[in-house]
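Colleague: Next up is a structure, given as structure tokens.
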Amino acid sequence: MADFTFEQDTQIFRDRDALTEDYTPNTLVGRDDELEEFHAALQPVINDENPSNIFLYGKSGVGKTAATRYLLGQLQEDVEEVPGVSVTVVEVNCDGLNTSYQTAIEIVNQLRPHEDQIASTGYPQSKVYQFLWEELDACDGTVLIVLDEVDHLNDDSILYQLTRARDNGNISDVNLGIIGISNDLTFRENLSSKVRSSLCERVVSFSAYDARQLREVLKQREEVAFYDDTLSEDVIPLCAAHGARESGDARRALDLLLMAGDLARKNHDEMIREEHVNRGKEEIEKEIIAEGISDLSEHARVLLRTLMNMTNEGATPARTQEIIPIYRKICEETGKDPVSVRSIRDNLAALSQLGIASRNEINQGRSGGKFTKHELVYEVKTIQSALASIGD
């Protein structure tokens with residue numbers, strides 16, 4: 001029988017947590033322009049002035065949350081050195097909260113001691129807001145409320161209430177600032193005009209990381225996360241290149257470096273090499289695909305298999321009208337009733353939204369018209385492995 005005793009690793013990771021999402025580095029590299037704008041927007045807090053409401057937007061993994069935690073941590077440290085100035089930070093992730101009612105309760109409970117929390121249901125909304133105003137006004141100085149992934153909210157009542165709290169006479173003894181963070185580049189435009197003008201007093205746009213910036217990020221984390229001489233020289237550039245291809249996503253690049261380290265540790269290897277990165281990429285992609293596939297409808301999965309077959313035959317990218325007959329043939333072979341052409345298009349769109357397939361709209365003008373071509377984003381063998389992992 002194998003020996004399953006536990007011993008501390010002294011070869012790969014010095015501090016594995018430095019590669020996780022919760023880690024905030026002492027300095028933030030590759031985001032100088034964004035940090036400068038963000039810093040200027042926060043400057044009124046140290047002067048004990050009413051802060052501007054700030055809206056941060058950009059694609060996932062471009063440093064919005066990391067920049068927020070970094071600057072707010074620095075602000076809290078600096079405020080301690082200024083007599084008569086204080087700041088309270090409340091950070092709420094709106095993913096999973098969905099409604100303004102739930103978000104308001106979360107803010108109240110973060111401001112209250114553990115023994116005085118309120119339940120997530122059972123109160124009229126007006127009563128929840130009354131609790132909120134009381135808790136805010138009981139704070140000293142400035143309160144900054146961070147609403148991360150704010151685009152997950154189904155309504156903007158909480159945004160209106162918070163940004164207009166002083167004007168509406170709901171608070172009087174505290175300076176209140178809202179920091180909204182969104183991955184949805186269109187979220188701001190979909191807000192009501194009143195909320196948009198109040199929430200977006202200062203806007204900071206975070207651009208995607210390029211490969212050079214990602215190398216800086218990974219190199220910084222390497223020095224904290226790994227023992228000396230643990231990574232071969234091609235590991236950081238390879239992880240950075242993969243992250244740059246994934247829309248400049250630093251989280252993807254860091255996850256890949258973490259997975260490569262875990263694989264090296266599992267194999268008792270003394271050094272992380274290119275082979276660990278390549279295997280780690282396959283494992284991460286398999287997990288992403290499996291998570292997406294688990295929520296797909298039956299016929300979306302049939303269309304996925306259709307694209308897999310067409311890819312193996314070299315028949316992709318393919319137009320929708322080329323996909324339909326092969327999809328119907330698979331339905332016939334498996335005893336399923338095919339869905340309508342409209343549903344086929346919707347299911348292909350669902351594959352694209354999950355990032356499993358891509359859609360390329362082509363306009364050939366008057367002669368050829370407009371049409372869409374579809375192809376898989378991942379290799380067929382990786383998708384097959386993901387399907388096998390969920391028993392499909």
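Residues are named by chain letter and number: chains run A, B, ... in the order of the structure tokens, numbers start at 1 in each chain, and ligands are numbered from 1 in the order shown.
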List every residue of range 131-353 of chain A that DSSP, applied to the backbone, labels as strand (DSSP E), and write the result as a PyMOL selection string.
Modeller: chain A and resi 142-148+175-182+202-205+318-319
Colleague: Can you write out the residues you just picked, keeping C-alpha atoms, as a PDB file, in the first residue's frame?
Modeller:
```
ATOM      1  CA  THR A 142     -15.746  58.278   5.076  1.00  0.00           C
ATOM      2  CA  VAL A 143     -17.336  54.980   4.060  1.00  0.00           C
ATOM      3  CA  LEU A 144     -16.325  53.472   0.714  1.00  0.00           C
ATOM      4  CA  ILE A 145     -18.633  50.727  -0.555  1.00  0.00           C
ATOM      5  CA  VAL A 146     -17.109  48.494  -3.221  1.00  0.00           C
ATOM      6  CA  LEU A 147     -19.674  46.696  -5.392  1.00  0.00           C
ATOM      7  CA  ASP A 148     -17.656  44.131  -7.327  1.00  0.00           C
ATOM      8  CA  ASN A 175     -19.019  60.942   3.620  1.00  0.00           C
ATOM      9  CA  LEU A 176     -20.091  58.129   1.292  1.00  0.00           C
ATOM     10  CA  GLY A 177     -18.388  56.921  -1.877  1.00  0.00           C
ATOM     11  CA  ILE A 178     -19.378  54.054  -4.169  1.00  0.00           C
ATOM     12  CA  ILE A 179     -16.888  52.062  -6.241  1.00  0.00           C
ATOM     13  CA  GLY A 180     -18.631  49.967  -8.884  1.00  0.00           C
ATOM     14  CA  ILE A 181     -16.644  47.272 -10.727  1.00  0.00           C
ATOM     15  CA  SER A 182     -17.936  45.587 -13.873  1.00  0.00           C
ATOM     16  CA  ARG A 202     -15.113  59.198 -12.247  1.00  0.00           C
ATOM     17  CA  VAL A 203     -14.589  56.353 -14.743  1.00  0.00           C
ATOM     18  CA  VAL A 204     -11.440  54.229 -14.973  1.00  0.00           C
ATOM     19  CA  SER A 205     -11.126  51.867 -17.925  1.00  0.00           C
ATOM     20  CA  ALA A 318     -18.848  26.108 -40.963  1.00  0.00           C
ATOM     21  CA  ARG A 319     -21.945  28.098 -41.784  1.00  0.00           C
TER      22      ARG A 319
END
```
Colleague: As JSON, numbers by chain, please: every residue in range 73-111 of chain A that DSSP puts in alpha helix (DSSP H).
Modeller: {"A": [73, 74, 75, 76, 77, 78, 79, 100, 101, 102, 103, 104, 105, 106, 107, 108, 109, 110, 111]}
Colleague: If we count only C-alpha atoms and set the cut-off at 10 Å, which residues sit around Leu214 in chain A, ignoring sequence neighbours fewer than 2 positions away in its own chain? Please answer as a PyMOL selection string.
Modeller: chain A and resi 29-30+62+208-212+216-220+236-237+239-244+248-251+253-254
Colleague: If we count only C-alpha atoms, what is near Ile12 in chain A at a cut-off of 7 Å, once residues fewer than 3 positions away on the same chain are taken out, given as a ChimeraX atom specification?
Modeller: /A:9,226-227,230,261,265,270
Colleague: Please save all heavy atoms of the selected residues as a CSV table (one decimal), in the first residue's frame.
Modeller:
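Dumped everything to out35.csv:
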```csv
chain,number,residue,atom,x,y,z
A,9,ASP,N,6.4,20.6,1.7
A,9,ASP,CA,7.1,20.8,0.5
A,9,ASP,C,8.2,21.8,0.6
A,9,ASP,O,7.9,22.9,1.1
A,9,ASP,CB,6.1,21.2,-0.6
A,9,ASP,CG,6.8,21.5,-1.9
A,9,ASP,OD1,7.9,21.1,-2.1
A,9,ASP,OD2,6.2,22.3,-2.7
A,226,PHE,N,7.5,30.9,-5.3
A,226,PHE,CA,8.3,29.7,-5.5
A,226,PHE,C,9.7,29.9,-4.9
A,226,PHE,O,10.2,31.0,-4.7
A,226,PHE,CB,8.5,29.5,-7.0
A,226,PHE,CG,7.2,29.2,-7.8
A,226,PHE,CD1,6.6,30.2,-8.5
A,226,PHE,CD2,6.7,28.0,-7.7
A,226,PHE,CE1,5.4,29.9,-9.2
A,226,PHE,CE2,5.5,27.7,-8.4
A,226,PHE,CZ,4.9,28.7,-9.1
A,227,TYR,N,10.3,28.8,-4.6
A,227,TYR,CA,11.7,28.8,-4.2
A,227,TYR,C,12.6,29.1,-5.4
A,227,TYR,O,12.2,29.0,-6.5
A,227,TYR,CB,12.1,27.4,-3.7
A,227,TYR,CG,11.5,27.0,-2.3
A,227,TYR,CD1,10.5,26.1,-2.2
A,227,TYR,CD2,11.9,27.7,-1.2
A,227,TYR,CE1,9.9,25.8,-1.0
A,227,TYR,CE2,11.4,27.4,0.1
A,227,TYR,CZ,10.3,26.4,0.2
A,227,TYR,OH,9.8,26.1,1.4
A,230,THR,N,13.3,27.4,-9.3
A,230,THR,CA,12.3,26.4,-9.5
A,230,THR,C,11.7,26.3,-10.9
A,230,THR,O,11.2,25.3,-11.3
A,230,THR,CB,11.1,26.6,-8.4
A,230,THR,OG1,11.7,26.6,-7.1
A,230,THR,CG2,10.1,25.6,-8.5
A,261,GLY,N,2.7,24.4,-11.3
A,261,GLY,CA,3.3,24.1,-10.0
A,261,GLY,C,2.8,22.9,-9.3
A,261,GLY,O,3.5,22.1,-8.7
A,265,ARG,N,4.7,19.5,-8.3
A,265,ARG,CA,4.7,19.0,-6.9
A,265,ARG,C,4.1,17.5,-6.8
A,265,ARG,O,4.7,16.7,-6.2
A,265,ARG,CB,3.9,19.9,-6.0
A,265,ARG,CG,3.6,19.3,-4.6
A,265,ARG,CD,2.6,20.2,-3.9
A,265,ARG,NE,3.2,21.2,-3.1
A,265,ARG,CZ,2.5,22.2,-2.4
A,265,ARG,NH1,1.2,22.1,-2.4
A,265,ARG,NH2,3.2,23.1,-1.7
A,270,GLU,N,11.6,18.4,-9.4
A,270,GLU,CA,12.3,19.5,-8.7
A,270,GLU,C,12.2,20.9,-9.4
A,270,GLU,O,12.5,21.9,-8.8
A,270,GLU,CB,13.8,19.2,-8.6
A,270,GLU,CG,14.1,17.9,-7.7
A,270,GLU,CD,15.5,17.6,-7.6
A,270,GLU,OE1,16.4,18.4,-8.2
A,270,GLU,OE2,15.9,16.7,-6.9
```
Colleague: Tell me, as a list of chain:residue names, which residues lie within 10 Å of Ala264 in chain A, counting only C-alpha atoms; anything in the same chain fewer than 4 positions away does not count.
Modeller: A:Gln11, A:Ile12, A:Thr230, A:Leu258, A:Met259, A:Ala260, A:His268, A:Asp269, A:Glu270, A:Met271, A:Ile272, A:Arg273, A:Glu275, A:His276, A:Val277, A:Gly280
Colleague: Restricted to C-alpha atoms, what would the selected residues look like written as a short mmCIF file (atom, residue, chain, number, x, y, z; two decimals), in the first residue's frame?
Modeller:
```
data_model
loop_
_atom_site.label_atom_id
_atom_site.label_comp_id
_atom_site.auth_asym_id
_atom_site.auth_seq_id
_atom_site.Cartn_x
_atom_site.Cartn_y
_atom_site.Cartn_z
CA GLN A 11 11.17 22.28 -3.35
CA ILE A 12 8.36 23.97 -5.31
CA THR A 230 12.26 26.40 -9.47
CA LEU A 258 -0.41 27.56 -10.26
CA MET A 259 -1.58 24.41 -12.04
CA ALA A 260 1.89 23.84 -13.50
CA HIS A 268 7.83 15.12 -7.11
CA ASP A 269 9.68 17.05 -9.83
CA GLU A 270 12.32 19.52 -8.68
CA MET A 271 11.62 22.06 -11.43
CA ILE A 272 8.57 23.36 -13.30
CA ARG A 273 9.04 22.96 -17.05
CA GLU A 275 5.58 20.10 -20.12
CA HIS A 276 3.91 21.03 -16.81
CA VAL A 277 2.50 24.22 -18.38
CA GLY A 280 -1.82 22.35 -16.88
#
```
Colleague: When distances are computed from only C-alpha atoms, which of A:Thr382, A:Ser192, A:Asn312, A:Ser232 shows the smallest separation from Lys281 in chain A?
Modeller: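 Once distances to Lys281 in chain A are computed over only C-alpha atoms, the minimum belongs to A:Thr382.
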Colleague: Do you know which residues are at most 8 Å from Thr311 in chain A counting only C-alpha atoms, after dropping those on the same chain fewer than 4 positions away, and could you put them as a PyMOL selection string?
Modeller: chain A and resi 307+315-316+375-376+380
Colleague: Could you write those residues out with all heavy atoms, as a PDB file, in the first residue's frame?
Modeller:
```pdb
ATOM      1  N   LEU A 307     -20.232  19.804 -34.137  1.00  0.00           N
ATOM      2  CA  LEU A 307     -19.037  20.596 -34.424  1.00  0.00           C
ATOM      3  C   LEU A 307     -17.764  19.781 -34.230  1.00  0.00           C
ATOM      4  O   LEU A 307     -16.783  19.943 -34.968  1.00  0.00           O
ATOM      5  CB  LEU A 307     -19.005  21.842 -33.541  1.00  0.00           C
ATOM      6  CG  LEU A 307     -19.988  22.957 -33.903  1.00  0.00           C
ATOM      7  CD1 LEU A 307     -19.976  24.050 -32.839  1.00  0.00           C
ATOM      8  CD2 LEU A 307     -19.641  23.561 -35.262  1.00  0.00           C
ATOM      9  N   ALA A 315     -14.024  20.283 -41.627  1.00  0.00           N
ATOM     10  CA  ALA A 315     -15.150  21.002 -42.242  1.00  0.00           C
ATOM     11  C   ALA A 315     -15.539  22.264 -41.486  1.00  0.00           C
ATOM     12  O   ALA A 315     -16.632  22.806 -41.694  1.00  0.00           O
ATOM     13  CB  ALA A 315     -16.361  20.072 -42.344  1.00  0.00           C
ATOM     14  N   THR A 316     -14.685  22.735 -40.603  1.00  0.00           N
ATOM     15  CA  THR A 316     -14.955  23.990 -39.887  1.00  0.00           C
ATOM     16  C   THR A 316     -13.831  24.983 -40.182  1.00  0.00           C
ATOM     17  O   THR A 316     -12.709  24.560 -40.500  1.00  0.00           O
ATOM     18  CB  THR A 316     -15.032  23.759 -38.356  1.00  0.00           C
ATOM     19  OG1 THR A 316     -13.820  23.165 -37.899  1.00  0.00           O
ATOM     20  CG2 THR A 316     -16.209  22.882 -38.002  1.00  0.00           C
ATOM     21  N   GLU A 375     -16.913  27.595 -35.209  1.00  0.00           N
ATOM     22  CA  GLU A 375     -15.865  26.597 -35.017  1.00  0.00           C
ATOM     23  C   GLU A 375     -15.568  26.465 -33.532  1.00  0.00           C
ATOM     24  O   GLU A 375     -15.896  27.343 -32.733  1.00  0.00           O
ATOM     25  CB  GLU A 375     -14.589  26.965 -35.778  1.00  0.00           C
ATOM     26  CG  GLU A 375     -13.921  28.249 -35.323  1.00  0.00           C
ATOM     27  CD  GLU A 375     -12.676  28.546 -36.134  1.00  0.00           C
ATOM     28  OE1 GLU A 375     -11.972  27.592 -36.513  1.00  0.00           O
ATOM     29  OE2 GLU A 375     -12.408  29.743 -36.380  1.00  0.00           O
ATOM     30  N   LEU A 376     -14.965  25.347 -33.147  1.00  0.00           N
ATOM     31  CA  LEU A 376     -14.633  25.108 -31.756  1.00  0.00           C
ATOM     32  C   LEU A 376     -13.445  25.965 -31.335  1.00  0.00           C
ATOM     33  O   LEU A 376     -12.528  26.202 -32.125  1.00  0.00           O
ATOM     34  CB  LEU A 376     -14.307  23.630 -31.531  1.00  0.00           C
ATOM     35  CG  LEU A 376     -15.457  22.649 -31.761  1.00  0.00           C
ATOM     36  CD1 LEU A 376     -14.949  21.217 -31.644  1.00  0.00           C
ATOM     37  CD2 LEU A 376     -16.602  22.899 -30.781  1.00  0.00           C
ATOM     38  N   VAL A 380     -10.593  19.030 -30.009  1.00  0.00           N
ATOM     39  CA  VAL A 380     -11.623  18.002 -29.843  1.00  0.00           C
ATOM     40  C   VAL A 380     -11.273  17.062 -28.696  1.00  0.00           C
ATOM     41  O   VAL A 380     -12.125  16.690 -27.886  1.00  0.00           O
ATOM     42  CB  VAL A 380     -11.819  17.216 -31.157  1.00  0.00           C
ATOM     43  CG1 VAL A 380     -12.713  15.993 -30.935  1.00  0.00           C
ATOM     44  CG2 VAL A 380     -12.424  18.113 -32.232  1.00  0.00           C
TER      45      VAL A 380
END
```
Colleague: Neighbouring residues of Gln321 in chain A were defined as those with any atom within 10 Å, considering only C-alpha atoms; residues of the same chain fewer than 3 positions away were excluded. Please report them as a VMD selection string.
Modeller: chain A and resid 318 324 to 326 341 345 371 to 373
Colleague: Just to be explicit: take each residue in the selection above, keep N, CA and C atoms, and write the result as an mmCIF file, in the first residue's frame.
Modeller:
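Generated file (selection_3.cif):
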```
data_model
loop_
_atom_site.group_PDB
_atom_site.id
_atom_site.type_symbol
_atom_site.label_atom_id
_atom_site.label_comp_id
_atom_site.auth_asym_id
_atom_site.auth_seq_id
_atom_site.Cartn_x
_atom_site.Cartn_y
_atom_site.Cartn_z
ATOM 1 N N ALA A 318 -17.710 26.521 -40.149
ATOM 2 C CA ALA A 318 -18.848 26.108 -40.963
ATOM 3 C C ALA A 318 -20.015 27.065 -40.770
ATOM 4 N N ILE A 324 -26.607 22.333 -39.969
ATOM 5 C CA ILE A 324 -27.953 21.807 -39.741
ATOM 6 C C ILE A 324 -28.130 20.363 -40.235
ATOM 7 N N PRO A 325 -27.771 20.023 -41.497
ATOM 8 C CA PRO A 325 -28.012 18.647 -41.948
ATOM 9 C C PRO A 325 -27.219 17.602 -41.156
ATOM 10 N N ILE A 326 -26.028 17.943 -40.728
ATOM 11 C CA ILE A 326 -25.233 16.991 -39.952
ATOM 12 C C ILE A 326 -25.819 16.845 -38.558
ATOM 13 N N VAL A 341 -34.889 25.471 -36.685
ATOM 14 C CA VAL A 341 -33.692 26.200 -37.119
ATOM 15 C C VAL A 341 -33.409 27.350 -36.155
ATOM 16 N N ARG A 345 -29.932 27.922 -33.967
ATOM 17 C CA ARG A 345 -29.143 29.166 -33.903
ATOM 18 C C ARG A 345 -28.952 29.606 -32.448
ATOM 19 N N PHE A 371 -23.513 36.139 -43.296
ATOM 20 C CA PHE A 371 -23.685 34.828 -42.693
ATOM 21 C C PHE A 371 -22.682 34.658 -41.561
ATOM 22 N N THR A 372 -22.907 33.629 -40.772
ATOM 23 C CA THR A 372 -22.061 33.370 -39.605
ATOM 24 C C THR A 372 -21.375 32.024 -39.740
ATOM 25 N N LYS A 373 -20.091 31.981 -39.393
ATOM 26 C CA LYS A 373 -19.353 30.717 -39.379
ATOM 27 C C LYS A 373 -18.994 30.352 -37.950
#
```
